[in-house]
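Peer 1: Once you've had a glance at the structure underneath, I'll fire off some questions.
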Amino acid sequence: MDLTGKTAIITAGASGIGRVIAHRFVEQGAQVCVCDIADDALAALRDELPDAIVVKADVSKSADVAALYDAFLARHAKLDILVNNAGISGPTKPVEEITDEEWDQTMAVNVSGQFYMVRKAVPLFRQAGSGCIINLSSVAGRLGMPLRAPYSASKYAVRGLTDVLAVELGEIGVRVNAILPGLVDGPRGQRVMREQAEARGMSLEAWMPYFLHNISMHTAIDMKEIADMAVFLASDLAPHISGQSISVCGNFESYRAPRMTS
């Protein structure tokens, strides 16, 4: 899985899954441009990956996206890979309690952000006659996730965008796929699990066996597994894989845990 000579933009790449993807891409020879909104994480990444382009940008703002591409094009003449990783978890609460602001913010980052990034990338891909887009969705984008309406709806939208782009851009040699992580053993996954437990009046330790019952392999996923899938999809080993939503989840069967009894 060699990415030598390839260039990549990775959104929200200074922490979590995005940071792991950025490191894996560099290990495989890619030249990366990373954006994020967290100053401390960006500063740390500059030290970790001194050859990377590291830019502060909020992908939900089209002006920030334009500035990100300006920074990328100041150093590179072509773009090979776009990893749309940026996303937020949104609220954990019943649908009738979700505010306008919570809904709008989740859609702005998780859906509009990917659209803004793709819109700027496609002219570069057309010029090159090739390209690869990897959109981060979630198993919450193929299974309804209770108490997470904005997040789940946004991740279904990412899969829809992926399908459209794969059809629209295939004729110019661009491959477009979505990765659907399951329960990821990282800061966001742990936070969501705590929120799920609190919403049910339970401790995290008491809730986890019920939640893991939804997963055939009864386990969370390491962030490196997501990064490895991204490397594979971006590499020359996947020349005709496109329009796919690929779960890395231990076989997530359902988001409805077994009924709890007193």
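In the structure tokens, chains take letters A, B, ... by order of appearance, with residues numbered from 1 within each chain and ligands from 1 in the order shown.
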Can you build me a table of range 117-230 of chain A residues sitting at most 9 Å from range 55-72 of chain A, with the closest atom pair per residue and its distance in Å to one decimal, using only C-alpha atoms, sorted by chain and residue number, as JSON lines?

Peer 2:
{"residue": "A:Met117", "atom": "CA", "partner": "A:Val65", "partner_atom": "CA", "distance": 6.4}
{"residue": "A:Lys120", "atom": "CA", "partner": "A:Ala66", "partner_atom": "CA", "distance": 7.4}
{"residue": "A:Ala121", "atom": "CA", "partner": "A:Tyr69", "partner_atom": "CA", "distance": 8.3}

Peer 1: May I have the residues within 8 Å of Val248 in chain A as a PyMOL selection string, using only C-alpha atoms and disregarding those fewer than 6 positions away in the same chain?

Peer 2: chain A and resi 179-182+221+225-226

Peer 1: Would you mind listing what lies within 12 Å of His218 in chain A as a PDB file with C-alpha atoms, in the first residue's frame, with only C-alpha atoms counted and same-chain residues fewer than 4 positions away left out?

Peer 2:
ATOM      1  CA  GLY A 182     -18.218   1.377  14.180  1.00  0.00           C
ATOM      2  CA  LEU A 183     -17.619   2.133  17.843  1.00  0.00           C
ATOM      3  CA  MET A 208     -21.242  -1.079  27.809  1.00  0.00           C
ATOM      4  CA  PRO A 209     -22.254  -4.784  27.902  1.00  0.00           C
ATOM      5  CA  TYR A 210     -25.683  -3.831  26.514  1.00  0.00           C
ATOM      6  CA  PHE A 211     -24.165  -1.700  23.776  1.00  0.00           C
ATOM      7  CA  LEU A 212     -21.532  -4.249  22.760  1.00  0.00           C
ATOM      8  CA  HIS A 213     -24.327  -6.794  22.358  1.00  0.00           C
ATOM      9  CA  ASN A 214     -25.142  -4.903  19.118  1.00  0.00           C
ATOM     10  CA  CYS A 249     -17.048  -2.168  12.712  1.00  0.00           C
ATOM     11  CA  GLY A 250     -16.804  -5.796  13.846  1.00  0.00           C
ATOM     12  CA  ASN A 251     -20.224  -6.298  12.194  1.00  0.00           C
ATOM     13  CA  PHE A 252     -22.505  -3.771  13.834  1.00  0.00           C
ATOM     14  CA  GLU A 253     -25.896  -5.515  13.729  1.00  0.00           C
TER      15      GLU A 253
END

Peer 1: When distances are computed from only C-alpha atoms, which of A:Thr11, A:Val54, A:Glu101, A:Ala128 shows the smallest separation from Gly113 in chain A?

Peer 2: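 Residue with the minimum atom-to-atom distance to Gly113 in chain A: A:Thr11.
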
Peer 1: Which value, in Å to one decimal, gives the distance between CA of Asp47 in chain A and CA of Ile9 in chain A?

Peer 2: 18.0 Å

Peer 1: Compare A:Lys224, A:Arg200, A:Lys155, A:His23 by their minimum atom-to-atom distance to Ser112 in chain A, counting only C-alpha atoms, and give me the closest one.

Peer 2: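 Smallest separation from Ser112 in chain A among the options: A:Lys155.
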
Peer 1: Considering only C-alpha atoms, can you say which of A:Leu169, A:Leu147, A:Ala238, A:Ala157 comes closest to Met193 in chain A?

Peer 2: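 Nearest candidate to Met193 in chain A out of A:Leu169, A:Leu147, A:Ala238, A:Ala157: A:Leu147.
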
Peer 1: Can you check which residues of range 116-172 of chain A DSSP gives as strand (DSSP E) on the backbone and send them as a ChimeraX atom specification?

Peer 2: /A:131-136

Peer 1: For those residues, write N, CA and C atoms to a file as a short mmCIF file (atom, residue, chain, number, x, y, z; two decimals), in the first residue's frame.

Peer 2:
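So out.cif came out as:
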data_model
loop_
_atom_site.label_atom_id
_atom_site.label_comp_id
_atom_site.auth_asym_id
_atom_site.auth_seq_id
_atom_site.Cartn_x
_atom_site.Cartn_y
_atom_site.Cartn_z
N GLY A 131 -8.20 10.86 -9.41
CA GLY A 131 -8.36 11.33 -8.04
C GLY A 131 -9.06 10.31 -7.18
N CYS A 132 -9.01 10.54 -5.89
CA CYS A 132 -9.63 9.64 -4.92
C CYS A 132 -10.23 10.47 -3.80
N ILE A 133 -11.50 10.22 -3.52
CA ILE A 133 -12.19 10.88 -2.41
C ILE A 133 -12.61 9.80 -1.42
N ILE A 134 -12.28 10.01 -0.17
CA ILE A 134 -12.70 9.11 0.90
C ILE A 134 -13.51 9.93 1.90
N ASN A 135 -14.79 9.61 2.01
CA ASN A 135 -15.68 10.31 2.93
C ASN A 135 -15.89 9.46 4.18
N LEU A 136 -15.73 10.08 5.33
CA LEU A 136 -15.99 9.36 6.58
C LEU A 136 -17.46 9.48 6.92
#

Peer 1: Give me the residues within 8 Å of Ile17 in chain A as a PyMOL selection string, counting only C-alpha atoms and dropping any in the same chain fewer than 4 places off.

Peer 2: chain A and resi 13+21+85+223-224+226-227

Peer 1: Between CA of Glu27 in chain A and CA of Asn84 in chain A, what is the distance in Å, rounded to a tenth?

Peer 2: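 Spanning CA of Glu27 in chain A to CA of Asn84 in chain A is a straight-line distance of 19.4 Å.
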
Peer 1: Tell me, as a ChimeraX atom specification, which residues lie within 9 Å of Thr4 in chain A, counting only C-alpha atoms; anything in the same chain fewer than 2 positions away does not count.

Peer 2: /A:2,6-7,26,28-31

Peer 1: Measuring atom to atom with only C-alpha atoms, identify which of A:Ala149, A:Ala166, A:Ala257, A:Ala14 is nearest to Ala43 in chain A.

Peer 2: A:Ala14

Peer 1: Please list as a list of chain:residue names every residue within 8 Å of Ala12 in chain A, counting only C-alpha atoms and excluding residues in the same chain fewer than 5 positions away.

Peer 2: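 So the residues in contact are A:Gly18, A:Arg19, A:Val34, A:Cys35, A:Asp36, A:Ile37, A:Asn85, A:Ala86, A:Gly87.
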
Peer 1: I need the residues from that last selection saved to file as a PDB file, in the first residue's frame (with C-alpha atoms), if you can.

Peer 2:
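Contents of result.pdb, as written:
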ATOM      1  CA  GLY A  18      -7.785  12.160  11.197  1.00  0.00           C
ATOM      2  CA  ARG A  19      -4.449  12.402  13.003  1.00  0.00           C
ATOM      3  CA  VAL A  34      -4.083  18.843   7.237  1.00  0.00           C
ATOM      4  CA  CYS A  35      -6.672  21.229   8.581  1.00  0.00           C
ATOM      5  CA  ASP A  36      -8.325  21.428  11.977  1.00  0.00           C
ATOM      6  CA  ILE A  37      -9.877  24.010  14.284  1.00  0.00           C
ATOM      7  CA  ASN A  85     -12.806  13.251   7.903  1.00  0.00           C
ATOM      8  CA  ALA A  86     -14.139  16.342   9.676  1.00  0.00           C
ATOM      9  CA  GLY A  87     -17.280  15.738  11.683  1.00  0.00           C
TER      10      GLY A  87
END

Peer 1: If DSSP is run on the backbone, what residues of range 49-130 of chain A are alpha helix (DSSP H)? A reply as JSON, numbers by chain would be ideal.

Peer 2: {"A": [62, 63, 64, 65, 66, 67, 68, 69, 70, 71, 72, 73, 100, 101, 102, 103, 104, 105, 106, 107, 113, 114, 115, 116, 117, 118, 119, 120, 121, 122, 123, 124, 125, 126, 127, 128]}

Peer 1: So how many Å separate CA of Glu168 in chain A and CA of Gly243 in chain A, to one decimal?

Peer 2: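 Pair CA of Glu168 in chain A / CA of Gly243 in chain A returns 10.4 Å.
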
Peer 1: From the set A:Leu161, A:Ser242, A:Lys78, A:Gln196, which residue has the shortest atom-to-atom contact distance to Asn110 in chain A, counting only C-alpha atoms?

Peer 2: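 When distances to Asn110 in chain A are compared using only C-alpha atoms, the smallest one comes from A:Leu161.
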
Peer 1: With only C-alpha atoms as the counted atoms, please give the residues lying no more than 10 Å from Asp236 in chain A, apart from itself and same-chain residues fewer than 5 positions off, as a PDB file with N, CA and C atoms, in the first residue's frame.

Peer 2:
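Okay, this is what ended up in selection.pdb:
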ATOM      1  N   MET A   1       0.859  -1.186   0.000  1.00  0.00           N
ATOM      2  CA  MET A   1       0.000   0.000   0.000  1.00  0.00           C
ATOM      3  C   MET A   1       0.897   1.239   0.000  1.00  0.00           C
ATOM      4  N   ASP A   2       1.431   1.565  -1.158  1.00  0.00           N
ATOM      5  CA  ASP A   2       2.410   2.635  -1.313  1.00  0.00           C
ATOM      6  C   ASP A   2       1.730   3.908  -1.801  1.00  0.00           C
ATOM      7  N   LEU A   3       1.933   5.012  -1.097  1.00  0.00           N
ATOM      8  CA  LEU A   3       1.382   6.306  -1.501  1.00  0.00           C
ATOM      9  C   LEU A   3       2.477   7.280  -1.903  1.00  0.00           C
ATOM     10  N   VAL A 231      -5.786   4.076   3.722  1.00  0.00           N
ATOM     11  CA  VAL A 231      -4.578   3.889   2.926  1.00  0.00           C
ATOM     12  C   VAL A 231      -4.859   2.935   1.767  1.00  0.00           C
TER      13      VAL A 231
END
